[in-house]
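Student: I am attaching a structure below and will ask some questions about it afterwards.
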Amino acid sequence: MAVGKVVALVDGSIYSTSVCEHSAWIAKRYDVPVELVHVIGRREQAPRDLLEESDRGELLEKLREVDGKRSELMEAMGEAILAEAAGIATGAGAPEVHRRLRHGDLLDALHELEVDARCLVVGKRGAAADFAKSHLGSNIERVVRASRVNVMVANRSFAPIKRFLVAYDGGRSATKALELISRSPLYDHLQLHILTVSGNKAEAEKRLEQAEDALNWSGKVVFDHVDGEPEKAIADYVEDHCIDLLVMGAYGHSRVRNLLVGSTTSQMMLSCKVPVLVVR
């Protein structure tokens with residue numbers, strides 16, 4: 001088995017099954033374990049300093065009892081979530097599965113979780129998301145920005161991945177993504193599409209030539225360019241060409257950079273109904 005792991009963040013939401021199945025798909029291709037992680041966040045504390053001296057002892061004791069019971073319940077729930085997730089990941093073919101229960105803020109633990117990791121997988125929305133509204137989970141953009149490894153943002157359900165699209169803007173990050181793709185077993189035997197978004201045909205053709213030079217790919221490659229706003233143009237291409245996975249460099253130097261900075265990130269993730277893999 002190769003060195004490394006796939007870290008899957010599970011919270012018991014409707015996206016957790018998809019996170020497990022996408023993690024298993026990646027783990028099988030790398031031949032590495034899946035590490036399932038459930039994080040119990042910090043709970044806001046009551047303003048105890050404002051309690052009157054005469055009432056403080058009794059009230060603080062009651063608060064300690066409630067906090068203790070809540071902590072036990074949250075840990076039991078976390079273990080149950082991890083056990084269910086382990087069954088899903090194993091059933092989806094993960095070579096090996098480990099479980100890890102953590103306390104505290106997710107980002108505080110992120111760098112430790114990423115040690116020896118090939119990829120981090122997180123759901124598009126979490127257990128606390130309001131599904132009547134179109135928004136991402138509150139941690140998604142924070143995780144994408146803070147992570148030092150590749151991050152896959154899983155969509156609501158897993159589907160077999162046969163075709164993947166690289167959004168290429170000619171930047172160093174996008175070029176590095178192509179170089180990494182060329183030597184990664186993750187993409188073996190998949191059909192590759194490379195798309196650049198530009199209203200200038202000459203500029204678009206130059207970018208695609210750069211992409212071809214950076215790529216060492218034995219299979220067929222579809223090169224294409226479109227005009228328009230990147231988030232809509234890419235989402236439309238994904239749907240029109242039955243793309244199963246969108247791959248993007250972590251940072252860009254053109255309008256595509258906005259896909260990973262600020263509110264446009266949310267629009268991109270929501271527009272594409274396929275998993276998005278951010279490559280570093």
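Letters A, B, ... mark the chains of the structure tokens in the order given; residue numbers begin at 1 per chain; ligand numbers begin at 1, in order shown.
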Near Ala167 (chain A), counting only C-alpha atoms, which residues have an atom at most 7 Å away, once you skip same-chain residues fewer than 4 positions from it, shown as a PyMOL selection string?

Tutor: chain A and resi 194-196+247-248

Student: Find the spatial neighbours of Val121 (chain A), counting only C-alpha atoms, within a cut-off of 8 Å - ignore same-chain residues fewer than 4 positions away - and output them as a list in words.

Tutor: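 These residues fall inside the cut-off: Val6, Val7, Ala8, Leu9, Val19, His22, Ser23, Val151, Met152, Val153 and Ala154 of chain A.
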
Student: With only C-alpha atoms as the basis for distance, which of A:Val10, A:Cys20, A:Ile234, A:Ile243 is at the shortest distance from Val97 (chain A)?

Tutor: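 Of all the options, A:Cys20 lies closest to Val97 (chain A).
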
Student: Identify, on the basis of only C-alpha atoms, every residue whose closest approach to Cys242 (chain A) does not exceed 10 Å; exclude the query and any residue fewer than 4 positions from it along the same chain; express the result as a ChimeraX atom specification.

Tutor: /A:162-165,236-238,274

Student: Find, counting only C-alpha atoms, the residue in A:Leu82, A:Val143, A:Leu215, A:Val3 that gets nearest to Thr175 (chain A).

Tutor: A:Leu215

Student: Select, from A:Asp169, A:Asp188, A:Glu229, A:Glu84, the residue with the minimum atom-to-atom distance to Glu203 (chain A), counting only C-alpha atoms.

Tutor: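 Residue with the minimum atom-to-atom distance to Glu203 (chain A): A:Asp169.
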
Student: Would you please give, as a CSV table (one decimal) with all heavy atoms, in the first residue's frame, all residues of region 102-261 of chain A that DSSP assigns to alpha helix (DSSP H) based on the backbone?

Tutor:
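Contents of states-v1.csv, freshly written:
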chain,number,residue,atom,x,y,z
A,106,LEU,N,-12.3,23.1,13.7
A,106,LEU,CA,-11.8,22.3,12.6
A,106,LEU,C,-10.5,22.8,12.0
A,106,LEU,O,-9.5,22.1,11.8
A,106,LEU,CB,-12.9,22.3,11.5
A,106,LEU,CG,-12.4,21.6,10.1
A,106,LEU,CD1,-12.0,20.2,10.4
A,106,LEU,CD2,-13.6,21.7,9.1
A,107,LEU,N,-10.4,24.1,11.8
A,107,LEU,CA,-9.2,24.7,11.2
A,107,LEU,C,-8.0,24.6,12.1
A,107,LEU,O,-6.9,24.5,11.6
A,107,LEU,CB,-9.5,26.2,10.8
A,107,LEU,CG,-10.5,26.4,9.7
A,107,LEU,CD1,-10.4,27.9,9.2
A,107,LEU,CD2,-10.3,25.5,8.5
A,108,ASP,N,-8.2,24.6,13.4
A,108,ASP,CA,-7.1,24.5,14.4
A,108,ASP,C,-6.5,23.1,14.2
A,108,ASP,O,-5.3,22.9,14.4
A,108,ASP,CB,-7.6,24.6,15.8
A,108,ASP,CG,-8.0,26.1,16.1
A,108,ASP,OD1,-7.5,27.0,15.4
A,108,ASP,OD2,-8.6,26.3,17.1
A,109,ALA,N,-7.3,22.1,13.8
A,109,ALA,CA,-6.8,20.7,13.7
A,109,ALA,C,-6.4,20.4,12.3
A,109,ALA,O,-5.8,19.3,12.1
A,109,ALA,CB,-7.9,19.7,14.2
A,110,LEU,N,-6.6,21.3,11.4
A,110,LEU,CA,-6.5,20.9,10.0
A,110,LEU,C,-5.0,20.5,9.6
A,110,LEU,O,-4.8,19.5,8.9
A,110,LEU,CB,-6.9,22.1,9.1
A,110,LEU,CG,-7.1,21.9,7.6
A,110,LEU,CD1,-8.2,20.8,7.4
A,110,LEU,CD2,-7.4,23.2,6.9
A,111,HIS,N,-4.1,21.3,10.0
A,111,HIS,CA,-2.7,21.0,9.7
A,111,HIS,C,-2.2,19.6,10.2
A,111,HIS,O,-1.5,18.9,9.6
A,111,HIS,CB,-1.7,22.1,10.1
A,111,HIS,CG,-1.9,23.4,9.4
A,111,HIS,ND1,-2.4,23.4,8.1
A,111,HIS,CD2,-1.8,24.7,9.8
A,111,HIS,CE1,-2.5,24.7,7.7
A,111,HIS,NE2,-2.1,25.5,8.7
A,112,GLU,N,-2.7,19.3,11.4
A,112,GLU,CA,-2.4,18.0,12.0
A,112,GLU,C,-3.1,16.9,11.2
A,112,GLU,O,-2.5,15.8,10.9
A,112,GLU,CB,-2.8,17.9,13.5
A,112,GLU,CG,-2.5,16.6,14.1
A,112,GLU,CD,-3.1,16.5,15.5
A,112,GLU,OE1,-3.4,17.5,16.1
A,112,GLU,OE2,-3.3,15.3,16.0
A,113,LEU,N,-4.3,17.1,10.8
A,113,LEU,CA,-5.1,16.1,10.1
A,113,LEU,C,-4.4,15.8,8.7
A,113,LEU,O,-4.5,14.7,8.2
A,113,LEU,CB,-6.5,16.5,9.9
A,113,LEU,CG,-7.4,16.6,11.2
A,113,LEU,CD1,-8.7,17.2,10.9
A,113,LEU,CD2,-7.5,15.3,11.8
A,140,ILE,N,-16.6,25.5,4.4
A,140,ILE,CA,-16.0,25.1,3.1
A,140,ILE,C,-14.9,26.1,2.6
A,140,ILE,O,-13.8,25.6,2.3
A,140,ILE,CB,-17.1,24.9,2.0
A,140,ILE,CG1,-18.1,23.9,2.5
A,140,ILE,CG2,-16.4,24.5,0.7
A,140,ILE,CD1,-17.6,22.6,2.8
A,141,GLU,N,-15.2,27.3,2.4
A,141,GLU,CA,-14.3,28.3,1.9
A,141,GLU,C,-13.1,28.4,2.9
A,141,GLU,O,-11.9,28.5,2.4
A,141,GLU,CB,-14.9,29.6,1.7
A,141,GLU,CG,-15.9,29.6,0.6
A,141,GLU,CD,-16.4,31.1,0.2
A,141,GLU,OE1,-15.6,31.9,0.1
A,141,GLU,OE2,-17.6,31.3,0.2
A,142,ARG,N,-13.3,28.3,4.1
A,142,ARG,CA,-12.2,28.4,5.1
A,142,ARG,C,-11.3,27.2,4.9
A,142,ARG,O,-10.0,27.4,5.0
A,142,ARG,CB,-12.7,28.4,6.5
A,142,ARG,CG,-13.6,29.7,6.8
A,142,ARG,CD,-14.3,29.5,8.2
A,142,ARG,NE,-13.4,29.4,9.3
A,142,ARG,CZ,-13.6,28.7,10.4
A,142,ARG,NH1,-14.7,28.0,10.5
A,142,ARG,NH2,-12.7,28.7,11.4
A,143,VAL,N,-11.8,26.0,4.7
A,143,VAL,CA,-11.0,24.8,4.6
A,143,VAL,C,-10.2,24.9,3.3
A,143,VAL,O,-9.0,24.6,3.2
A,143,VAL,CB,-11.9,23.6,4.6
A,143,VAL,CG1,-11.1,22.3,4.1
A,143,VAL,CG2,-12.4,23.3,6.0
A,144,VAL,N,-10.9,25.3,2.2
A,144,VAL,CA,-10.2,25.4,0.9
A,144,VAL,C,-9.0,26.3,1.0
A,144,VAL,O,-7.9,26.1,0.4
A,144,VAL,CB,-11.2,25.8,-0.2
A,144,VAL,CG1,-10.4,26.1,-1.5
A,144,VAL,CG2,-12.2,24.7,-0.5
A,145,ARG,N,-9.2,27.5,1.6
A,145,ARG,CA,-8.1,28.4,1.7
A,145,ARG,C,-7.0,28.0,2.6
A,145,ARG,O,-5.8,28.2,2.4
A,145,ARG,CB,-8.7,29.8,2.2
A,145,ARG,CG,-9.6,30.5,1.2
A,145,ARG,CD,-10.2,31.7,1.8
A,145,ARG,NE,-11.1,32.4,0.9
A,145,ARG,CZ,-11.7,33.5,1.2
A,145,ARG,NH1,-11.6,34.1,2.4
A,145,ARG,NH2,-12.6,34.0,0.4
A,146,ALA,N,-7.4,27.3,3.8
A,146,ALA,CA,-6.4,27.0,4.8
A,146,ALA,C,-5.6,25.7,4.5
A,146,ALA,O,-4.5,25.5,4.9
A,146,ALA,CB,-7.0,26.9,6.1
A,172,ARG,N,0.3,29.9,-13.1
A,172,ARG,CA,1.3,29.0,-12.6
A,172,ARG,C,0.6,27.8,-11.9
A,172,ARG,O,1.0,26.7,-12.0
A,172,ARG,CB,2.3,29.7,-11.7
A,172,ARG,CG,3.4,28.8,-11.1
A,172,ARG,CD,4.5,29.5,-10.5
A,172,ARG,NE,3.9,30.4,-9.4
A,172,ARG,CZ,4.7,31.3,-8.8
A,172,ARG,NH1,6.0,31.4,-9.0
A,172,ARG,NH2,4.1,32.0,-7.8
A,173,SER,N,-0.4,28.2,-11.1
A,173,SER,CA,-1.1,27.1,-10.3
A,173,SER,C,-1.8,26.2,-11.2
A,173,SER,O,-1.8,24.9,-11.0
A,173,SER,CB,-2.1,27.8,-9.4
A,173,SER,OG,-2.8,26.8,-8.7
A,174,ALA,N,-2.5,26.7,-12.3
A,174,ALA,CA,-3.2,25.8,-13.2
A,174,ALA,C,-2.2,24.9,-14.0
A,174,ALA,O,-2.5,23.7,-14.3
A,174,ALA,CB,-4.0,26.6,-14.2
A,175,THR,N,-1.1,25.5,-14.4
A,175,THR,CA,0.0,24.7,-15.1
A,175,THR,C,0.5,23.6,-14.2
A,175,THR,O,0.7,22.5,-14.6
A,175,THR,CB,1.1,25.7,-15.5
A,175,THR,OG1,0.6,26.6,-16.4
A,175,THR,CG2,2.2,24.9,-16.3
A,176,LYS,N,0.8,24.0,-12.9
A,176,LYS,CA,1.2,22.9,-12.0
A,176,LYS,C,0.2,21.8,-11.8
A,176,LYS,O,0.6,20.7,-11.7
A,176,LYS,CB,1.5,23.6,-10.6
A,176,LYS,CG,2.1,22.6,-9.6
A,176,LYS,CD,2.3,23.3,-8.3
A,176,LYS,CE,2.9,22.3,-7.2
A,176,LYS,NZ,3.1,22.9,-5.9
A,177,ALA,N,-1.1,22.2,-11.8
A,177,ALA,CA,-2.1,21.2,-11.7
A,177,ALA,C,-2.1,20.2,-12.9
A,177,ALA,O,-2.2,19.0,-12.7
A,177,ALA,CB,-3.5,21.9,-11.7
A,178,LEU,N,-1.8,20.7,-14.1
A,178,LEU,CA,-1.7,19.8,-15.2
A,178,LEU,C,-0.5,18.9,-15.1
A,178,LEU,O,-0.5,17.7,-15.4
A,178,LEU,CB,-1.6,20.6,-16.5
A,178,LEU,CG,-2.9,21.3,-17.0
A,178,LEU,CD1,-2.6,22.1,-18.2
A,178,LEU,CD2,-4.0,20.3,-17.2
A,179,GLU,N,0.6,19.4,-14.6
A,179,GLU,CA,1.8,18.6,-14.4
A,179,GLU,C,1.6,17.5,-13.4
A,179,GLU,O,2.0,16.4,-13.5
A,179,GLU,CB,3.0,19.5,-14.0
A,179,GLU,CG,3.4,20.5,-15.0
A,179,GLU,CD,4.4,21.5,-14.5
A,179,GLU,OE1,4.6,21.6,-13.3
A,179,GLU,OE2,5.0,22.3,-15.3
A,180,LEU,N,0.9,17.9,-12.3
A,180,LEU,CA,0.5,16.9,-11.3
A,180,LEU,C,-0.4,15.8,-11.8
A,180,LEU,O,-0.3,14.6,-11.5
A,180,LEU,CB,-0.1,17.5,-10.0
A,180,LEU,CG,0.9,18.5,-9.2
A,180,LEU,CD1,0.1,19.2,-8.2
A,180,LEU,CD2,2.0,17.6,-8.6
A,181,ILE,N,-1.4,16.2,-12.6
A,181,ILE,CA,-2.3,15.3,-13.2
A,181,ILE,C,-1.6,14.3,-14.1
A,181,ILE,O,-2.0,13.1,-14.1
A,181,ILE,CB,-3.4,16.1,-14.0
A,181,ILE,CG1,-4.4,16.8,-13.1
A,181,ILE,CG2,-4.1,15.2,-15.0
A,181,ILE,CD1,-5.3,17.8,-13.8
A,182,SER,N,-0.6,14.7,-14.8
A,182,SER,CA,0.1,13.9,-15.7
A,182,SER,C,0.7,12.7,-15.0
A,182,SER,O,0.9,11.6,-15.6
A,182,SER,CB,1.2,14.7,-16.5
A,182,SER,OG,0.6,15.7,-17.2
A,201,LYS,N,-10.0,35.1,-28.8
A,201,LYS,CA,-9.7,33.8,-29.3
A,201,LYS,C,-8.2,33.5,-29.4
A,201,LYS,O,-7.7,32.4,-29.1
A,201,LYS,CB,-10.3,33.7,-30.8
A,201,LYS,CG,-10.1,32.3,-31.4
A,201,LYS,CD,-10.7,32.3,-32.8
A,201,LYS,CE,-10.5,30.9,-33.4
A,201,LYS,NZ,-11.1,30.8,-34.8
A,202,ALA,N,-7.4,34.5,-29.8
A,202,ALA,CA,-6.0,34.3,-29.8
A,202,ALA,C,-5.4,34.0,-28.5
A,202,ALA,O,-4.5,33.1,-28.3
A,202,ALA,CB,-5.3,35.6,-30.4
A,203,GLU,N,-5.9,34.7,-27.4
A,203,GLU,CA,-5.4,34.5,-26.1
A,203,GLU,C,-5.8,33.1,-25.6
A,203,GLU,O,-5.0,32.4,-25.0
A,203,GLU,CB,-6.0,35.5,-25.1
A,203,GLU,CG,-5.6,35.3,-23.7
A,203,GLU,CD,-6.3,36.2,-22.7
A,203,GLU,OE1,-7.5,36.6,-23.0
A,203,GLU,OE2,-5.7,36.6,-21.7
A,204,ALA,N,-7.0,32.7,-25.9
A,204,ALA,CA,-7.5,31.4,-25.5
A,204,ALA,C,-6.7,30.3,-26.2
A,204,ALA,O,-6.3,29.3,-25.6
A,204,ALA,CB,-9.0,31.2,-25.9
A,205,GLU,N,-6.4,30.4,-27.5
A,205,GLU,CA,-5.6,29.4,-28.2
A,205,GLU,C,-4.1,29.3,-27.6
A,205,GLU,O,-3.6,28.2,-27.5
A,205,GLU,CB,-5.5,29.7,-29.7
A,205,GLU,CG,-6.9,29.5,-30.4
A,205,GLU,CD,-6.9,29.9,-31.8
A,205,GLU,OE1,-5.9,30.5,-32.3
A,205,GLU,OE2,-7.9,29.6,-32.5
A,206,LYS,N,-3.6,30.5,-27.3
A,206,LYS,CA,-2.3,30.5,-26.7
A,206,LYS,C,-2.2,29.8,-25.3
A,206,LYS,O,-1.3,29.0,-25.0
A,206,LYS,CB,-1.8,31.9,-26.5
A,206,LYS,CG,-0.4,32.0,-25.9
A,206,LYS,CD,0.0,33.5,-25.7
A,206,LYS,CE,1.4,33.6,-25.1
A,206,LYS,NZ,1.9,35.0,-25.0
A,207,ARG,N,-3.3,30.0,-24.5
A,207,ARG,CA,-3.4,29.3,-23.2
A,207,ARG,C,-3.5,27.8,-23.5
A,207,ARG,O,-2.8,27.0,-22.8
A,207,ARG,CB,-4.6,29.7,-22.5
A,207,ARG,CG,-4.5,31.1,-21.9
A,207,ARG,CD,-5.8,31.3,-21.1
A,207,ARG,NE,-6.0,32.7,-20.6
A,207,ARG,CZ,-7.1,33.2,-20.1
A,207,ARG,NH1,-8.1,32.4,-19.9
A,207,ARG,NH2,-7.1,34.4,-19.7
A,208,LEU,N,-4.3,27.4,-24.4
A,208,LEU,CA,-4.4,25.9,-24.7
A,208,LEU,C,-3.2,25.3,-25.2
A,208,LEU,O,-2.9,24.1,-24.9
A,208,LEU,CB,-5.6,25.7,-25.6
A,208,LEU,CG,-7.0,26.1,-25.1
A,208,LEU,CD1,-8.1,25.9,-26.1
A,208,LEU,CD2,-7.3,25.3,-23.8
A,209,GLU,N,-2.4,26.0,-25.9
A,209,GLU,CA,-1.0,25.5,-26.4
A,209,GLU,C,-0.1,25.3,-25.2
A,209,GLU,O,0.6,24.4,-25.1
A,209,GLU,CB,-0.4,26.5,-27.4
A,209,GLU,CG,-1.1,26.5,-28.7
A,209,GLU,CD,-0.5,27.5,-29.7
A,209,GLU,OE1,0.5,28.2,-29.2
A,209,GLU,OE2,-1.0,27.7,-30.8
A,210,GLN,N,-0.2,26.3,-24.2
A,210,GLN,CA,0.6,26.2,-23.0
A,210,GLN,C,0.1,25.0,-22.2
A,210,GLN,O,1.0,24.3,-21.6
A,210,GLN,CB,0.4,27.5,-22.1
A,210,GLN,CG,1.0,28.7,-22.7
A,210,GLN,CD,0.7,30.0,-21.9
A,210,GLN,OE1,-0.2,29.9,-21.0
A,210,GLN,NE2,1.3,31.1,-22.2
A,211,ALA,N,-1.2,24.8,-22.1
A,211,ALA,CA,-1.7,23.6,-21.4
A,211,ALA,C,-1.2,22.3,-22.0
A,211,ALA,O,-0.8,21.4,-21.3
A,211,ALA,CB,-3.2,23.6,-21.4
A,212,GLU,N,-1.2,22.2,-23.4
A,212,GLU,CA,-0.7,21.0,-24.0
A,212,GLU,C,0.8,20.8,-23.8
A,212,GLU,O,1.2,19.6,-23.6
A,212,GLU,CB,-1.0,21.2,-25.6
A,212,GLU,CG,-0.7,19.9,-26.3
A,212,GLU,CD,-1.1,20.0,-27.8
A,212,GLU,OE1,-1.5,21.1,-28.2
A,212,GLU,OE2,-1.1,18.9,-28.5
A,213,ASP,N,1.5,21.8,-23.7
A,213,ASP,CA,3.0,21.7,-23.4
A,213,ASP,C,3.2,21.2,-22.0
A,213,ASP,O,4.2,20.5,-21.8
A,213,ASP,CB,3.7,23.1,-23.6
A,213,ASP,CG,3.8,23.5,-25.1
A,213,ASP,OD1,3.6,22.6,-26.0
A,213,ASP,OD2,3.9,24.7,-25.3
A,214,ALA,N,2.4,21.6,-21.1
A,214,ALA,CA,2.5,21.2,-19.7
A,214,ALA,C,2.0,19.8,-19.4
A,214,ALA,O,2.4,19.2,-18.4
A,214,ALA,CB,1.8,22.2,-18.8
A,230,PRO,N,-16.6,33.3,-15.8
A,230,PRO,CA,-16.1,31.9,-15.6
A,230,PRO,C,-17.0,31.0,-14.8
A,230,PRO,O,-17.2,29.8,-15.3
A,230,PRO,CB,-14.8,32.2,-14.7
A,230,PRO,CG,-14.4,33.6,-15.1
A,230,PRO,CD,-15.7,34.3,-15.4
A,231,GLU,N,-17.6,31.4,-13.7
A,231,GLU,CA,-18.4,30.5,-13.0
A,231,GLU,C,-19.6,29.9,-13.8
A,231,GLU,O,-19.9,28.7,-13.7
A,231,GLU,CB,-18.9,31.1,-11.7
A,231,GLU,CG,-19.9,32.3,-11.8
A,231,GLU,CD,-19.2,33.6,-11.9
A,231,GLU,OE1,-18.0,33.6,-12.2
A,231,GLU,OE2,-19.9,34.7,-11.7
A,232,LYS,N,-20.2,30.7,-14.6
A,232,LYS,CA,-21.4,30.2,-15.4
A,232,LYS,C,-20.9,29.4,-16.6
A,232,LYS,O,-21.4,28.4,-16.9
A,232,LYS,CB,-22.2,31.4,-15.9
A,232,LYS,CG,-23.5,30.9,-16.6
A,232,LYS,CD,-24.4,32.1,-17.0
A,232,LYS,CE,-25.7,31.6,-17.6
A,232,LYS,NZ,-25.6,30.6,-18.7
A,233,ALA,N,-19.8,29.9,-17.3
A,233,ALA,CA,-19.3,29.2,-18.4
A,233,ALA,C,-18.8,27.8,-18.1
A,233,ALA,O,-19.1,26.9,-18.8
A,233,ALA,CB,-18.2,30.1,-19.1
A,234,ILE,N,-18.1,27.7,-17.0
A,234,ILE,CA,-17.6,26.4,-16.6
A,234,ILE,C,-18.7,25.5,-16.2
A,234,ILE,O,-18.8,24.3,-16.6
A,234,ILE,CB,-16.6,26.6,-15.4
A,234,ILE,CG1,-15.3,27.3,-16.0
A,234,ILE,CG2,-16.2,25.2,-14.9
A,234,ILE,CD1,-14.3,27.7,-14.9
A,235,ALA,N,-19.7,26.0,-15.4
A,235,ALA,CA,-20.8,25.2,-15.0
A,235,ALA,C,-21.6,24.7,-16.2
A,235,ALA,O,-22.1,23.5,-16.2
A,235,ALA,CB,-21.7,26.0,-14.0
A,236,ASP,N,-21.8,25.6,-17.2
A,236,ASP,CA,-22.6,25.2,-18.4
A,236,ASP,C,-21.8,24.1,-19.1
A,236,ASP,O,-22.4,23.1,-19.6
A,236,ASP,CB,-22.8,26.4,-19.3
A,236,ASP,CG,-23.8,27.3,-18.7
A,236,ASP,OD1,-24.6,27.0,-17.8
A,236,ASP,OD2,-23.9,28.5,-19.2
A,237,TYR,N,-20.5,24.2,-19.2
A,237,TYR,CA,-19.7,23.2,-19.9
A,237,TYR,C,-19.8,21.9,-19.2
A,237,TYR,O,-19.9,20.8,-19.9
A,237,TYR,CB,-18.2,23.7,-20.0
A,237,TYR,CG,-17.4,22.8,-20.9
A,237,TYR,CD1,-17.2,23.2,-22.3
A,237,TYR,CD2,-16.8,21.7,-20.4
A,237,TYR,CE1,-16.4,22.4,-23.1
A,237,TYR,CE2,-16.0,20.9,-21.3
A,237,TYR,CZ,-15.8,21.3,-22.6
A,237,TYR,OH,-15.0,20.5,-23.4
A,238,VAL,N,-19.7,21.9,-17.9
A,238,VAL,CA,-19.8,20.7,-17.1
A,238,VAL,C,-21.1,19.9,-17.4
A,238,VAL,O,-21.1,18.7,-17.6
A,238,VAL,CB,-19.7,21.0,-15.6
A,238,VAL,CG1,-20.2,19.8,-14.8
A,238,VAL,CG2,-18.3,21.4,-15.2
A,239,GLU,N,-22.2,20.7,-17.5
A,239,GLU,CA,-23.5,20.1,-17.7
A,239,GLU,C,-23.6,19.6,-19.2
A,239,GLU,O,-24.1,18.5,-19.5
A,239,GLU,CB,-24.6,21.0,-17.4
A,239,GLU,CG,-26.0,20.4,-17.5
A,239,GLU,CD,-27.1,21.3,-16.9
A,239,GLU,OE1,-26.7,22.4,-16.3
A,239,GLU,OE2,-28.2,21.0,-17.1
A,240,ASP,N,-23.2,20.4,-20.1
A,240,ASP,CA,-23.3,20.1,-21.5
A,240,ASP,C,-22.5,18.9,-22.0
A,240,ASP,O,-22.9,18.2,-22.9
A,240,ASP,CB,-23.0,21.4,-22.4
A,240,ASP,CG,-24.0,22.5,-22.2
A,240,ASP,OD1,-25.1,22.3,-21.7
A,240,ASP,OD2,-23.6,23.6,-22.6

Student: Provide the CA of Pro33 (chain A) to CA of Val149 (chain A) distance in Å, to one decimal place.

Tutor: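 Atom-to-atom, CA of Pro33 (chain A) to CA of Val149 (chain A), that is 16.0 Å.
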
Student: Enumerate, in order of chain and increasing residue number, the residues of region 78-189 of chain A with an atom no farther than 6 Å from region 24-31 of chain A, each with its shortest atom pair and distance in Å to one decimal, counting only C-alpha atoms, as a Markdown table.

Tutor:
| residue | atom | partner | partner_atom | distance |
| --- | --- | --- | --- | --- |
| A:Ala89 | CA | A:Ala24 | CA | 5.6 |
| A:Ala92 | CA | A:Ala24 | CA | 5.9 |
| A:Gly93 | CA | A:Ala24 | CA | 6.0 |
| A:Ala94 | CA | A:Ala24 | CA | 4.4 |
| A:Leu186 | CA | A:Arg29 | CA | 5.3 |

Student: May I ask which of the residues A:Gly78, A:Arg156, A:Leu63, A:Glu21 is the closest one to Leu270 (chain A), counting only C-alpha atoms?

Tutor: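 Closest candidate: A:Arg156.
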
Student: DSSP on the backbone, then: every residue of region 13-124 of chain A marked strand (DSSP E), written as an mmCIF file with N, CA and C atoms, in the first residue's frame.

Tutor:
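That gives us result20.cif:
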data_model
loop_
_atom_site.group_PDB
_atom_site.id
_atom_site.type_symbol
_atom_site.label_atom_id
_atom_site.label_comp_id
_atom_site.auth_asym_id
_atom_site.auth_seq_id
_atom_site.Cartn_x
_atom_site.Cartn_y
_atom_site.Cartn_z
ATOM 1 N N VAL A 34 -8.376 5.412 4.131
ATOM 2 C CA VAL A 34 -9.252 6.549 4.400
ATOM 3 C C VAL A 34 -9.255 6.790 5.899
ATOM 4 N N GLU A 35 -9.029 8.029 6.307
ATOM 5 C CA GLU A 35 -9.157 8.399 7.714
ATOM 6 C C GLU A 35 -10.415 9.244 7.866
ATOM 7 N N LEU A 36 -11.412 8.689 8.516
ATOM 8 C CA LEU A 36 -12.667 9.391 8.756
ATOM 9 C C LEU A 36 -12.531 10.248 10.003
ATOM 10 N N VAL A 37 -12.886 11.521 9.905
ATOM 11 C CA VAL A 37 -12.724 12.451 11.015
ATOM 12 C C VAL A 37 -14.048 13.140 11.304
ATOM 13 N N HIS A 38 -14.452 13.097 12.565
ATOM 14 C CA HIS A 38 -15.616 13.864 13.011
ATOM 15 C C HIS A 38 -15.136 14.840 14.081
ATOM 16 N N VAL A 39 -15.445 16.118 13.889
ATOM 17 C CA VAL A 39 -14.985 17.157 14.808
ATOM 18 C C VAL A 39 -16.160 17.674 15.625
ATOM 19 N N ILE A 40 -16.022 17.599 16.950
ATOM 20 C CA ILE A 40 -17.015 18.174 17.864
ATOM 21 C C ILE A 40 -16.565 19.585 18.192
ATOM 22 N N VAL A 97 -9.765 1.552 6.460
ATOM 23 C CA VAL A 97 -10.516 2.664 7.033
ATOM 24 C C VAL A 97 -10.143 2.853 8.497
ATOM 25 N N HIS A 98 -9.862 4.090 8.869
ATOM 26 C CA HIS A 98 -9.587 4.449 10.263
ATOM 27 C C HIS A 98 -10.566 5.528 10.696
ATOM 28 N N ARG A 99 -10.810 5.612 12.007
ATOM 29 C CA ARG A 99 -11.743 6.615 12.541
ATOM 30 C C ARG A 99 -11.030 7.502 13.548
ATOM 31 N N ARG A 100 -11.457 8.766 13.576
ATOM 32 C CA ARG A 100 -10.821 9.714 14.487
ATOM 33 C C ARG A 100 -11.843 10.741 14.960
ATOM 34 N N LEU A 101 -12.012 10.849 16.265
ATOM 35 C CA LEU A 101 -12.918 11.821 16.868
ATOM 36 C C LEU A 101 -12.095 12.954 17.448
ATOM 37 N N ARG A 102 -12.421 14.196 17.041
ATOM 38 C CA ARG A 102 -11.666 15.349 17.507
ATOM 39 C C ARG A 102 -12.574 16.355 18.175
ATOM 40 N N HIS A 103 -12.007 17.139 19.114
ATOM 41 C CA HIS A 103 -12.719 18.245 19.757
ATOM 42 C C HIS A 103 -12.064 19.556 19.344
ATOM 43 N N ALA A 117 -1.301 13.344 4.260
ATOM 44 C CA ALA A 117 -2.551 13.198 3.504
ATOM 45 C C ALA A 117 -2.324 13.479 2.031
ATOM 46 N N ARG A 118 -2.977 12.690 1.186
ATOM 47 C CA ARG A 118 -2.984 12.943 -0.255
ATOM 48 C C ARG A 118 -4.078 13.940 -0.616
ATOM 49 N N CYS A 119 -5.171 13.875 0.124
ATOM 50 C CA CYS A 119 -6.335 14.683 -0.222
ATOM 51 C C CYS A 119 -7.253 14.807 0.981
ATOM 52 N N LEU A 120 -7.980 15.911 1.032
ATOM 53 C CA LEU A 120 -8.998 16.153 2.048
ATOM 54 C C LEU A 120 -10.347 16.199 1.334
ATOM 55 N N VAL A 121 -11.329 15.494 1.868
ATOM 56 C CA VAL A 121 -12.656 15.457 1.239
ATOM 57 C C VAL A 121 -13.679 16.009 2.223
ATOM 58 N N VAL A 122 -14.490 16.958 1.743
ATOM 59 C CA VAL A 122 -15.495 17.595 2.592
ATOM 60 C C VAL A 122 -16.767 17.756 1.777
ATOM 61 N N GLY A 123 -17.918 17.702 2.442
ATOM 62 C CA GLY A 123 -19.195 17.864 1.760
ATOM 63 C C GLY A 123 -19.485 19.315 1.440
#

Student: So what do you get for CA of Ile14 (chain A) versus CA of Val166 (chain A), distance-wise?

Tutor: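 Straight-line distance from CA of Ile14 (chain A) to CA of Val166 (chain A) works out to 27.3 Å.
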